[in-house]
>>> print(open('structure_9.cif').read())   # mmCIF, C-alpha atoms
data_start
loop_
_atom_site.label_atom_id
_atom_site.label_comp_id
_atom_site.auth_asym_id
_atom_site.auth_seq_id
_atom_site.Cartn_x
_atom_site.Cartn_y
_atom_site.Cartn_z
CA MET A 283 -10.85 -42.12 -2.09
CA ASP A 284 -13.13 -42.65 0.92
CA ASP A 285 -16.61 -41.31 1.36
CA LEU A 286 -15.74 -38.41 3.61
CA GLN A 287 -12.94 -37.29 1.37
CA ILE A 288 -15.26 -37.28 -1.63
CA ARG A 289 -17.88 -35.27 0.23
CA ARG A 290 -15.24 -32.84 1.41
CA SER A 291 -13.86 -32.38 -2.08
CA ILE A 292 -17.29 -31.79 -3.58
CA LEU A 293 -18.23 -29.28 -0.92
CA ALA A 294 -14.92 -27.47 -0.97
CA ASP A 295 -14.99 -26.75 -4.67
CA PRO A 296 -18.06 -28.04 -6.52
CA LYS A 297 -17.12 -26.44 -9.83
CA ASN A 298 -13.69 -28.00 -10.17
CA ARG A 299 -13.54 -31.76 -10.02
CA ASP A 300 -10.62 -33.88 -11.12
CA GLU A 301 -10.87 -37.19 -13.02
CA ALA A 302 -10.59 -39.38 -9.95
CA LEU A 303 -13.41 -37.55 -8.22
CA ASN A 304 -15.63 -37.65 -11.29
CA SER A 305 -15.29 -41.40 -11.73
CA ALA A 306 -15.85 -41.96 -8.01
CA ILE A 307 -19.07 -39.97 -8.22
CA LYS A 308 -20.27 -41.83 -11.33
CA ALA A 309 -19.77 -45.19 -9.62
CA GLU A 310 -22.38 -44.57 -6.92
CA PRO A 311 -25.90 -43.14 -7.34
CA THR A 312 -25.98 -41.73 -3.79
CA LYS A 313 -22.87 -39.73 -4.50
CA GLN A 314 -24.34 -38.56 -7.77
CA LYS A 315 -27.36 -37.33 -5.87
CA PHE A 316 -25.16 -35.61 -3.33
CA ALA A 317 -23.10 -33.96 -6.04
CA LYS A 318 -26.23 -32.68 -7.77
CA GLU A 319 -27.57 -31.31 -4.50
CA VAL A 320 -24.37 -29.48 -3.83
CA GLU A 321 -24.29 -28.07 -7.34
CA ALA A 322 -27.82 -26.78 -6.92
CA LEU A 323 -26.90 -25.34 -3.57
CA ASP A 324 -23.85 -23.72 -5.08
CA ASP A 325 -25.92 -22.08 -7.80
CA ASN A 326 -28.07 -20.59 -5.09
CA ILE A 327 -25.03 -19.52 -3.13
CA ILE A 328 -23.68 -17.77 -6.20
CA ARG A 329 -26.98 -16.00 -6.71
CA ALA A 330 -27.10 -15.04 -3.06
CA ILE A 331 -23.53 -13.83 -2.88
CA ASN A 332 -23.87 -11.77 -6.04
CA VAL A 333 -25.73 -9.00 -4.31
CA PRO A 334 -27.07 -6.24 -6.56
CA VAL A 335 -24.49 -3.58 -7.29
CA PRO A 336 -25.57 0.08 -7.38
CA ASP A 337 -26.14 0.99 -11.04
CA ASP A 338 -24.07 4.12 -11.15
CA LEU A 339 -21.15 2.84 -9.09
CA ALA A 340 -18.76 2.56 -12.05
CA ASN A 341 -19.54 6.11 -13.17
CA LYS A 342 -19.17 7.38 -9.62
CA LEU A 343 -15.76 5.77 -9.35
CA ILE A 344 -14.58 7.29 -12.61
CA LEU A 345 -15.97 10.69 -11.67
CA ARG A 346 -14.31 10.68 -8.28
CA GLN A 347 -10.98 9.74 -9.77
CA THR A 348 -11.26 12.43 -12.43
CA LEU A 349 -11.97 15.05 -9.78
CA ALA A 350 -9.16 13.82 -7.57
CA SER A 351 -6.60 13.83 -10.34
CA HIS A 352 -7.82 17.24 -11.48
CA GLN A 353 -7.07 18.54 -7.98
CA GLN A 354 -3.68 16.91 -8.15
CA GLN A 355 -3.07 18.48 -11.54
CA LYS A 356 -3.89 21.90 -10.13
CA ARG A 357 -1.52 21.37 -7.25
CA LYS A 358 1.18 20.30 -9.69
CA THR A 359 0.63 23.41 -11.80
CA ARG A 360 1.00 25.52 -8.71
CA VAL A 361 4.22 23.76 -7.76
CA ARG A 362 5.55 24.21 -11.28
CA LEU A 363 4.66 27.89 -11.25
CA ALA A 364 6.43 28.32 -7.92
CA MET A 365 9.48 26.55 -9.30
CA ALA A 366 9.52 28.72 -12.41
CA ALA A 367 9.24 31.79 -10.22
CA SER A 368 12.16 30.63 -8.08
CA VAL A 369 14.30 30.01 -11.13
CA ALA A 370 13.46 33.44 -12.52
CA PHE A 371 14.24 35.00 -9.17
CA VAL A 372 17.62 33.29 -8.92
CA MET A 373 18.43 34.27 -12.50
CA GLY A 374 17.52 37.85 -11.69
CA LEU A 375 19.81 37.80 -8.68
CA THR A 376 22.64 36.30 -10.71
CA ILE A 377 22.32 38.84 -13.48
CA ASN A 378 22.13 41.63 -10.92
CA PHE A 379 25.22 40.31 -9.23
CA MET A 380 27.08 40.02 -12.52
CA MET A 381 26.08 43.48 -13.73
CA PHE A 382 26.76 45.45 -10.60
CA SER A 383 29.56 43.61 -8.91
CA SER A 384 33.22 44.22 -9.48
CA THR A 385 34.24 42.45 -12.62
CA TYR A 386 37.76 43.85 -12.66
CA LYS A 387 40.40 42.78 -10.23
CA ASN A 388 41.78 46.22 -9.47
CA LEU A 389 41.26 49.92 -10.05
CA GLY A 390 43.90 50.07 -12.80
CA ASP A 391 42.33 47.41 -14.99
CA TYR A 392 38.99 49.06 -14.71
CA ALA A 393 40.29 52.57 -15.33
CA ILE A 394 42.07 51.45 -18.49
CA ALA A 395 39.00 49.58 -19.70
CA HIS A 396 36.83 52.62 -19.04
CA VAL A 397 39.18 54.94 -20.90
CA ASN A 398 39.42 52.57 -23.87
CA HIS A 399 35.64 52.25 -23.95
CA GLU A 400 35.07 55.99 -24.12
CA ALA A 401 38.16 56.91 -26.17
CA ALA A 402 36.07 57.42 -29.29
CA TYR A 403 33.96 60.16 -27.66
CA PHE A 404 36.83 62.43 -26.78
CA SER A 405 39.36 64.05 -29.00
CA ASN A 406 42.36 66.08 -27.89
CA ASP A 407 41.18 68.96 -30.06
CA ASP A 408 37.83 69.41 -28.33
CA SER A 409 37.35 72.90 -27.07
CA PRO A 410 37.24 73.45 -23.31
CA SER A 411 33.62 73.54 -22.25
CA VAL A 412 33.66 73.14 -18.49
CA THR A 413 34.14 75.97 -16.09
CA LEU A 414 35.63 75.71 -12.62
CA ALA A 415 32.26 76.48 -11.09
CA THR A 416 30.59 73.59 -12.90
CA LEU A 417 33.43 71.31 -11.95
CA ASN A 418 33.22 72.22 -8.28
CA GLU A 419 29.46 71.83 -8.31
CA LYS A 420 29.98 68.26 -9.40
CA MET A 421 32.85 67.76 -6.99
CA ALA A 422 30.56 68.68 -4.09
CA VAL A 423 29.22 65.11 -4.14
CA PHE A 424 32.68 63.93 -3.14
CA ASN A 425 33.06 66.73 -0.56
CA GLY A 426 35.92 68.25 -2.46
CA SER A 427 36.71 71.25 -4.62
CA PHE A 428 39.46 72.41 -6.97
CA ASP A 429 41.23 75.73 -6.74
CA SER A 430 41.70 75.88 -10.51
CA THR A 431 40.99 73.67 -13.49
CA PHE A 432 44.82 73.09 -13.78
CA GLY A 433 44.63 72.42 -17.53
CA THR A 434 42.19 72.48 -20.40
CA LEU A 435 39.09 70.66 -19.13
CA ILE A 436 37.13 69.19 -22.02
CA PHE A 437 34.54 67.17 -20.13
CA ALA A 438 33.35 66.62 -16.62
CA ASP A 439 30.44 64.42 -15.66
CA TYR A 440 29.35 61.60 -13.43
CA CYS A 441 29.67 58.13 -14.72
CA ARG A 442 29.48 54.67 -13.37
CA PHE A 443 32.87 53.39 -12.38
CA ASP A 444 32.45 49.65 -11.83
CA GLY A 445 29.20 50.05 -9.99
CA SER A 446 29.93 53.20 -8.00
CA LYS A 447 29.13 56.75 -8.95
CA SER A 448 32.25 58.61 -9.95
CA LEU A 449 33.28 61.85 -11.58
CA HIS A 450 35.03 61.54 -14.89
CA LEU A 451 37.20 64.49 -15.97
CA VAL A 452 38.84 64.70 -19.40
CA PHE A 453 41.72 67.16 -19.93
CA GLN A 454 43.57 68.07 -23.04
CA GLY A 455 46.87 66.22 -23.00
CA LYS A 456 50.00 66.39 -25.09
CA SER A 457 48.83 64.00 -27.81
CA SER A 458 45.67 62.42 -26.41
CA PRO A 459 43.20 63.28 -23.66
CA VAL A 460 44.08 62.68 -20.04
CA ASN A 461 41.40 61.10 -17.89
CA ILE A 462 40.94 61.70 -14.23
CA PHE A 463 38.49 59.71 -12.15
CA ILE A 464 37.31 60.76 -8.75
CA LEU A 465 35.53 57.90 -7.04
CA PRO A 466 34.54 56.93 -3.53
CA ASN A 467 36.72 54.49 -1.65
CA ASP A 468 35.40 51.10 -2.58
CA GLU A 469 36.51 48.10 -0.64
CA ASP A 470 35.31 45.68 -3.27
CA ILE A 471 37.99 46.63 -5.73
CA LYS A 472 41.72 46.49 -5.05
CA PHE A 473 43.67 49.72 -4.92
CA VAL A 474 46.82 49.85 -7.08
CA ALA A 475 49.12 52.86 -7.11
CA ASN A 476 50.62 52.32 -10.57
CA PHE A 477 49.32 50.49 -13.61
CA ALA A 478 49.86 50.38 -17.35
CA ASN A 479 49.17 48.44 -20.50
CA ASP A 480 50.88 48.67 -23.89
CA LYS A 481 49.43 52.12 -24.64
CA LEU A 482 48.15 53.64 -21.43
CA GLN A 483 49.57 54.24 -18.02
CA GLY A 484 48.03 55.45 -14.81
CA ARG A 485 48.43 56.27 -11.17
CA SER A 486 46.06 56.29 -8.28
CA LEU A 487 46.03 58.45 -5.19
CA ASN A 488 44.22 57.39 -2.13
CA PHE A 489 42.55 60.07 -0.03
CA ASN A 490 40.43 59.66 3.06
CA ARG A 491 37.16 59.05 1.32
CA SER A 492 38.04 59.05 -2.32
CA ASN A 493 40.46 57.72 -4.84
CA ILE A 494 41.75 59.86 -7.63
CA ILE A 495 42.99 58.02 -10.69
CA VAL A 496 44.88 59.59 -13.54
CA VAL A 497 45.11 57.76 -16.87
CA GLY A 498 46.88 58.93 -19.99
CA ASP A 499 49.05 57.65 -22.80
CA LYS A 500 52.71 56.71 -22.37
CA LYS A 501 53.97 60.15 -23.40
CA GLU A 502 51.98 61.95 -20.77
CA PRO A 503 53.74 63.02 -17.56
CA ILE A 504 51.24 61.28 -15.30
CA ALA A 505 53.16 62.07 -12.14
CA GLN A 506 52.98 65.73 -13.00
CA TRP A 507 49.21 65.54 -13.51
CA GLN A 508 48.91 63.80 -10.21
CA ASP A 509 50.85 66.59 -8.50
CA ARG A 510 48.59 69.17 -10.07
CA VAL A 511 45.53 67.37 -8.78
CA ASN A 512 47.07 67.02 -5.37
CA HIS A 513 47.88 70.72 -5.14
CA ASN A 514 44.57 72.01 -6.38
CA ILE A 515 42.17 69.84 -4.48
CA THR A 516 40.70 70.71 -1.11
CA TRP A 517 38.56 68.30 0.82
CA SER A 518 35.86 69.87 2.88
CA ILE A 519 35.84 67.08 5.42
CA MET B 177 -1.85 10.27 -19.04
CA ALA B 178 -4.54 9.19 -21.48
CA THR B 179 -3.50 5.57 -21.41
CA LYS B 180 -3.52 5.55 -17.63
CA GLN B 181 -7.05 6.93 -17.68
CA VAL B 182 -8.13 4.30 -20.19
CA ARG B 183 -6.59 1.52 -18.12
CA TYR B 184 -8.26 2.84 -15.02
CA GLU B 185 -11.69 3.06 -16.60
CA ALA B 186 -11.36 -0.46 -17.98
CA LEU B 187 -10.37 -1.67 -14.54
CA VAL B 188 -13.35 0.05 -12.94
CA LYS B 189 -15.82 -1.30 -15.46
CA ALA B 190 -14.51 -4.85 -15.33
CA LEU B 191 -14.04 -5.22 -11.61
CA HIS B 192 -16.13 -2.75 -9.64
CA ALA B 193 -19.06 -5.17 -9.28
CA ASP B 194 -16.96 -8.00 -7.89
CA LEU B 195 -15.16 -5.62 -5.61
CA TYR B 196 -18.37 -4.09 -4.33
CA ARG B 197 -19.78 -7.54 -3.58
CA TYR B 198 -16.64 -8.59 -1.81
CA GLY B 199 -16.74 -5.39 0.21
CA TYR B 200 -20.37 -5.99 0.98
CA TRP B 201 -19.66 -9.41 2.43
CA LEU B 202 -16.85 -7.99 4.51
CA CYS B 203 -18.90 -5.28 6.17
CA HIS B 204 -22.59 -6.17 5.50
CA ASP B 205 -23.43 -2.58 4.73
CA LYS B 206 -24.20 -1.21 1.29
CA HIS B 207 -22.95 2.27 2.04
CA ILE B 208 -19.77 1.19 3.75
CA ALA B 209 -19.15 -1.24 0.89
CA GLU B 210 -19.49 1.61 -1.56
CA ASP B 211 -17.09 3.77 0.43
CA LEU B 212 -14.63 0.91 0.59
CA VAL B 213 -14.76 0.47 -3.18
CA GLN B 214 -14.32 4.21 -3.72
CA GLU B 215 -11.31 4.31 -1.44
CA THR B 216 -9.89 1.18 -3.02
CA PHE B 217 -10.09 2.56 -6.55
CA LEU B 218 -8.61 5.89 -5.50
CA ARG B 219 -5.66 4.08 -4.04
CA ALA B 220 -5.50 1.90 -7.13
CA TRP B 221 -5.32 5.00 -9.32
CA ARG B 222 -2.38 6.36 -7.36
CA ALA B 223 -0.54 3.05 -7.59
CA LEU B 224 -1.72 2.08 -11.05
CA ASP B 225 1.79 2.22 -12.49
CA SER B 226 2.89 -0.50 -10.09
CA LEU B 227 0.31 -2.87 -11.56
CA LYS B 228 2.25 -4.62 -14.27
CA ASP B 229 0.16 -7.73 -14.76
CA GLU B 230 -3.45 -7.02 -15.71
CA LYS B 231 -4.42 -10.59 -14.78
CA ALA B 232 -3.37 -9.94 -11.21
CA ALA B 233 -5.57 -6.84 -11.06
CA LYS B 234 -8.45 -8.52 -9.26
CA SER B 235 -6.41 -9.98 -6.44
CA TRP B 236 -4.45 -6.75 -6.23
CA LEU B 237 -7.64 -4.72 -5.80
CA ILE B 238 -9.05 -7.21 -3.31
CA THR B 239 -5.89 -6.92 -1.26
CA ILE B 240 -6.24 -3.12 -1.23
CA LEU B 241 -9.88 -3.42 -0.20
CA ARG B 242 -9.09 -5.84 2.63
CA ARG B 243 -6.46 -3.43 3.94
CA GLU B 244 -8.92 -0.56 3.62
CA ASN B 245 -11.49 -2.53 5.57
CA ALA B 246 -8.97 -3.35 8.28
CA ARG B 247 -8.12 0.36 8.51
CA ARG B 248 -11.79 1.09 9.11
CA PHE B 249 -11.63 -0.97 12.28
CA GLU B 250 -8.48 0.77 13.38
CA ARG B 251 -10.27 4.08 13.07
CA LYS B 252 -13.35 3.17 15.05
CA ARG B 253 -12.88 0.16 17.16
CA PHE B 254 -16.15 0.17 19.06
CA ASP B 255 -18.23 -0.26 15.93
CA MET B 256 -17.09 -3.85 15.70
CA SER B 257 -19.76 -5.30 17.94
CA GLU B 258 -22.43 -4.11 15.53
CA TYR B 259 -21.43 -6.63 12.93
CA GLU B 260 -21.53 -9.62 15.28
CA GLU B 261 -25.27 -9.85 14.81
CA ALA B 262 -24.84 -10.09 11.05
CA THR B 263 -28.13 -8.46 10.39
CA ILE B 264 -28.60 -7.62 6.78
CA THR B 265 -31.21 -5.03 6.15
CA ASP B 266 -32.52 -5.64 2.72
CA VAL B 267 -34.59 -2.61 1.93
CA LYS B 268 -35.59 -3.96 -1.44
CA THR B 269 -39.05 -5.40 -1.59
CA ILE B 270 -38.95 -9.13 -1.94
CA SER B 271 -41.01 -10.00 -4.94
CA SER B 272 -40.38 -13.41 -6.43
CA GLU B 273 -39.70 -16.79 -4.93
CA GLN B 274 -36.14 -16.58 -6.09
CA ASP B 275 -35.73 -13.35 -4.15
CA ILE B 276 -37.08 -14.98 -1.01
CA GLU B 277 -34.62 -17.77 -1.42
CA ASN B 278 -31.75 -15.40 -2.05
CA HIS B 279 -32.69 -13.36 0.95
CA TRP B 280 -32.89 -16.39 3.17
CA LEU B 281 -29.58 -17.74 1.96
CA ARG B 282 -27.92 -14.36 2.30
CA GLU B 283 -28.81 -14.33 5.95
CA LYS B 284 -27.35 -17.78 6.36
CA ILE B 285 -24.16 -16.73 4.60
CA ALA B 286 -23.95 -13.64 6.79
CA GLN B 287 -24.29 -15.85 9.85
CA LEU B 288 -21.33 -17.99 8.82
CA PRO B 289 -18.20 -17.38 10.86
CA GLU B 290 -16.02 -14.75 9.21
CA GLU B 291 -13.14 -17.16 8.57
CA TYR B 292 -15.44 -19.49 6.62
CA ARG B 293 -17.30 -16.82 4.76
CA GLU B 294 -14.33 -14.97 3.36
CA PRO B 295 -12.79 -17.90 1.45
CA LEU B 296 -16.24 -18.79 0.11
CA VAL B 297 -16.86 -15.26 -1.14
CA LEU B 298 -13.43 -15.13 -2.73
CA GLN B 299 -14.04 -18.46 -4.46
CA VAL B 300 -17.48 -17.53 -5.74
CA ILE B 301 -16.87 -13.90 -6.68
CA GLY B 302 -13.25 -13.95 -7.62
CA GLY B 303 -13.15 -17.41 -9.13
CA PHE B 304 -9.90 -17.93 -7.28
CA SER B 305 -8.42 -21.36 -6.72
CA GLY B 306 -7.56 -22.75 -3.31
CA GLU B 307 -3.93 -21.71 -3.69
CA GLU B 308 -4.80 -18.18 -4.70
CA ILE B 309 -7.16 -17.75 -1.77
CA ALA B 310 -4.53 -19.22 0.52
CA SER B 311 -1.93 -16.69 -0.61
CA MET B 312 -4.38 -13.79 -0.36
CA LEU B 313 -5.42 -14.66 3.18
CA SER B 314 -1.95 -15.84 4.21
CA LEU B 315 -3.20 -19.30 5.09
CA ASN B 316 -2.13 -22.68 3.82
CA LYS B 317 -4.12 -24.38 1.13
CA ASN B 318 -5.46 -27.22 3.26
CA THR B 319 -6.87 -24.77 5.78
CA VAL B 320 -8.61 -22.91 2.96
CA MET B 321 -10.08 -26.12 1.52
CA THR B 322 -11.29 -27.16 4.95
CA ARG B 323 -12.92 -23.81 5.52
CA LEU B 324 -14.57 -23.94 2.11
CA PHE B 325 -15.92 -27.37 2.90
CA ARG B 326 -17.20 -26.25 6.31
CA ALA B 327 -18.81 -23.15 4.86
CA ARG B 328 -20.80 -25.11 2.28
CA ASN B 329 -21.48 -27.89 4.70
CA GLN B 330 -23.04 -25.47 7.18
CA LEU B 331 -25.11 -23.89 4.44
CA LYS B 332 -26.22 -27.31 3.24
CA GLU B 333 -27.23 -28.34 6.72
CA ALA B 334 -29.17 -25.12 7.09
CA VAL B 335 -30.94 -25.76 3.80
CA ASP B 336 -31.66 -29.41 4.66
CA SER B 337 -33.22 -28.44 7.97
CA GLU B 338 -35.49 -25.88 6.36
CA PRO B 339 -38.38 -27.93 4.98
CA THR B 340 -40.38 -24.94 3.72
CA LEU B 341 -37.63 -23.98 1.32
CA ARG B 342 -38.22 -25.56 -2.00
CA GLY B 343 -36.04 -25.95 -5.02
CA LEU B 344 -32.83 -26.70 -3.17
CA HIS B 345 -33.49 -30.39 -2.63
CA ASN B 346 -34.55 -31.32 -6.06
CA GLY B 347 -31.81 -29.72 -7.99
#
>>> encode(input="structure_9.cif", output="structure tokens")
Amino acid sequence: MDDLQIRRSILADPKNRDEALNSAIKAEPTKQKFAKEVEALDDNIIRAINVPVPDDLANKLILRQTLASHQQQKRKTRVRLAMAASVAFVMGLTINFMMFSSTYKNLGDYAIAHVNHEAAYFSNDDSPSVTLATLNEKMAVFNGSFDSTFGTLIFADYCRFDGSKSLHLVFQGKSSPVNIFILPNDEDIKFVANFANDKLQGRSLNFNRSNIIVVGDKKEPIAQWQDRVNHNITWSI
Amino acid sequence: MATKQVRYEALVKALHADLYRYGYWLCHDKHIAEDLVQETFLRAWRALDSLKDEKAAKSWLITILRRENARRFERKRFDMSEYEEATITDVKTISSEQDIENHWLREKIAQLPEEYREPLVLQVIGGFSGEEIASMLSLNKNTVMTRLFRARNQLKEAVDSEPTLRGLHNG
């Protein structure tokens, strides 16, 4: 190791000397003196470089971070709330869609389901309680009227027929009540002229603005009922 | 969340002083140094999960601070000339002899060329080896060692040519 190299090594990193350097320094008093000088200088450099740090800097740093992450937290909460609201909104839409959209493929399926659902409320022995005037009052919504009640009318009222307002008439039949539905033409649900299941059968008639559906049990002359409806009804438009 | 907070606070307490000093020697301004440290730790908080090795924390933070400092120059270019003079305004009253010495030496360190000063500060404050400084500054190790040597050599020459300054010669 030559002189210059030793001086360079000492100056470059006075605190970390390897064996070779240490022994080279020990061998010569001038180098020892130089090394000591540099060490002293380095101590001063360290003192000089270690400038005083503001006392409260650490606390300031922690405070600033706490505030910043609190802001972030608030923003996150807001985002979460917005997301929850969106989910609720979509669920609302879905439920709405499911409740009020056509769940049955055609008029017949729905008519049969409706009749089955309300079968318990009507009996064939119920006394007639609806007059022609009341019936026609209700029919006014559909712009139609009947010339006579063409049978024993047990019940007549509006009800919801797969999402649209319809008029539900119940007549006394041979063995069980006959149901007649008057409902507006609805493009969402498929029109079928004839339908049946193992107990019930039905027919639909399509008028300009309305459909009239007749549903009764297998013994009932549905075609005859349909004729009666057809003959008695007058549409005002 | 709690553990992240604890890690962060530990990091702040252990390293804020070194970081502040490093920042100070980069910009020679107490207030800017403080801002730099603030910005550095905020960034550190956001990226704290990416810090896997706690031992590497110091060099990681120093890297963030260097980038932050560089960004400062991007933002306001014309301020650069101010730092050429390397004037350090020490508002503290100089009381003892040691303080006078420190003050004098600080000025000399501030007058060192930037490329010599930075490795020296990293070595003294960070306790980094030549290799570590080299990788931080993207230099090779020999260059770093040469710069360290030149930095101390210039300071030594300054000290040797200042006869009024006592204490440095005698060890």
>>> closest_residue(input="structure_9.cif", among="A:Thr359, A:Ser411, A:Ser518, A:Asn332", to="Asp194 in chain B", atoms="all atoms listed in the file")
A:Asn332
>>> interface_residues(input="structure_9.cif", of="chain A", to="chain B", cutoff="10 Å", atoms="only C-alpha atoms", output="PDB file with C-alpha atoms, keeping the file's coordinate frame")
ATOM      1  CA  ARG A 289     -17.880 -35.270   0.230  1.00  0.00           C
ATOM      2  CA  ARG A 290     -15.240 -32.840   1.410  1.00  0.00           C
ATOM      3  CA  SER A 291     -13.860 -32.380  -2.080  1.00  0.00           C
ATOM      4  CA  ILE A 292     -17.290 -31.790  -3.580  1.00  0.00           C
ATOM      5  CA  LEU A 293     -18.230 -29.280  -0.920  1.00  0.00           C
ATOM      6  CA  ALA A 294     -14.920 -27.470  -0.970  1.00  0.00           C
ATOM      7  CA  ASP A 295     -14.990 -26.750  -4.670  1.00  0.00           C
ATOM      8  CA  PRO A 296     -18.060 -28.040  -6.520  1.00  0.00           C
ATOM      9  CA  LYS A 297     -17.120 -26.440  -9.830  1.00  0.00           C
ATOM     10  CA  ASN A 298     -13.690 -28.000 -10.170  1.00  0.00           C
ATOM     11  CA  LYS A 315     -27.360 -37.330  -5.870  1.00  0.00           C
ATOM     12  CA  PHE A 316     -25.160 -35.610  -3.330  1.00  0.00           C
ATOM     13  CA  ALA A 317     -23.100 -33.960  -6.040  1.00  0.00           C
ATOM     14  CA  LYS A 318     -26.230 -32.680  -7.770  1.00  0.00           C
ATOM     15  CA  GLU A 319     -27.570 -31.310  -4.500  1.00  0.00           C
ATOM     16  CA  VAL A 320     -24.370 -29.480  -3.830  1.00  0.00           C
ATOM     17  CA  GLU A 321     -24.290 -28.070  -7.340  1.00  0.00           C
ATOM     18  CA  ALA A 322     -27.820 -26.780  -6.920  1.00  0.00           C
ATOM     19  CA  LEU A 323     -26.900 -25.340  -3.570  1.00  0.00           C
ATOM     20  CA  ASP A 324     -23.850 -23.720  -5.080  1.00  0.00           C
ATOM     21  CA  ASP A 325     -25.920 -22.080  -7.800  1.00  0.00           C
ATOM     22  CA  ASN A 326     -28.070 -20.590  -5.090  1.00  0.00           C
ATOM     23  CA  ILE A 327     -25.030 -19.520  -3.130  1.00  0.00           C
ATOM     24  CA  ILE A 328     -23.680 -17.770  -6.200  1.00  0.00           C
ATOM     25  CA  ARG A 329     -26.980 -16.000  -6.710  1.00  0.00           C
ATOM     26  CA  ALA A 330     -27.100 -15.040  -3.060  1.00  0.00           C
ATOM     27  CA  ILE A 331     -23.530 -13.830  -2.880  1.00  0.00           C
ATOM     28  CA  ASN A 332     -23.870 -11.770  -6.040  1.00  0.00           C
ATOM     29  CA  VAL A 333     -25.730  -9.000  -4.310  1.00  0.00           C
ATOM     30  CA  PRO A 334     -27.070  -6.240  -6.560  1.00  0.00           C
ATOM     31  CA  VAL A 335     -24.490  -3.580  -7.290  1.00  0.00           C
ATOM     32  CA  PRO A 336     -25.570   0.080  -7.380  1.00  0.00           C
ATOM     33  CA  ASP A 337     -26.140   0.990 -11.040  1.00  0.00           C
ATOM     34  CA  LEU A 339     -21.150   2.840  -9.090  1.00  0.00           C
ATOM     35  CA  ALA A 340     -18.760   2.560 -12.050  1.00  0.00           C
ATOM     36  CA  ASN A 341     -19.540   6.110 -13.170  1.00  0.00           C
ATOM     37  CA  LYS A 342     -19.170   7.380  -9.620  1.00  0.00           C
ATOM     38  CA  LEU A 343     -15.760   5.770  -9.350  1.00  0.00           C
ATOM     39  CA  ILE A 344     -14.580   7.290 -12.610  1.00  0.00           C
ATOM     40  CA  ARG A 346     -14.310  10.680  -8.280  1.00  0.00           C
ATOM     41  CA  GLN A 347     -10.980   9.740  -9.770  1.00  0.00           C
ATOM     42  CA  THR A 348     -11.260  12.430 -12.430  1.00  0.00           C
ATOM     43  CA  ALA A 350      -9.160  13.820  -7.570  1.00  0.00           C
ATOM     44  CA  SER A 351      -6.600  13.830 -10.340  1.00  0.00           C
TER      45      SER A 351
END
>>> atom_distance(input="structure_9.cif", atom1="CA of Asp408 in chain A", atom2="CA of Thr434 in chain A")
9.6 Å
>>> atom_distance(input="structure_9.cif", atom1="CA of Val452 in chain A", atom2="CA of Phe432 in chain A")
11.7 Å
>>> resolve_selection(input="structure_9.cif", expression="the PyMOL selection byres ((chain A and resi 401-403) around 12)", output="PyMOL selection string")
chain A and resi 393-400+404-408+436-437+452+458-461+482+497-499
>>> atom_distance(input="structure_9.cif", atom1="CA of Arg442 in chain A", atom2="CA of Lys501 in chain A")
27.0 Å
>>> resolve_selection(input="structure_9.cif", expression="the PyMOL selection byres ((chain A and resi 467) around 12)", output="count of residues only")
26
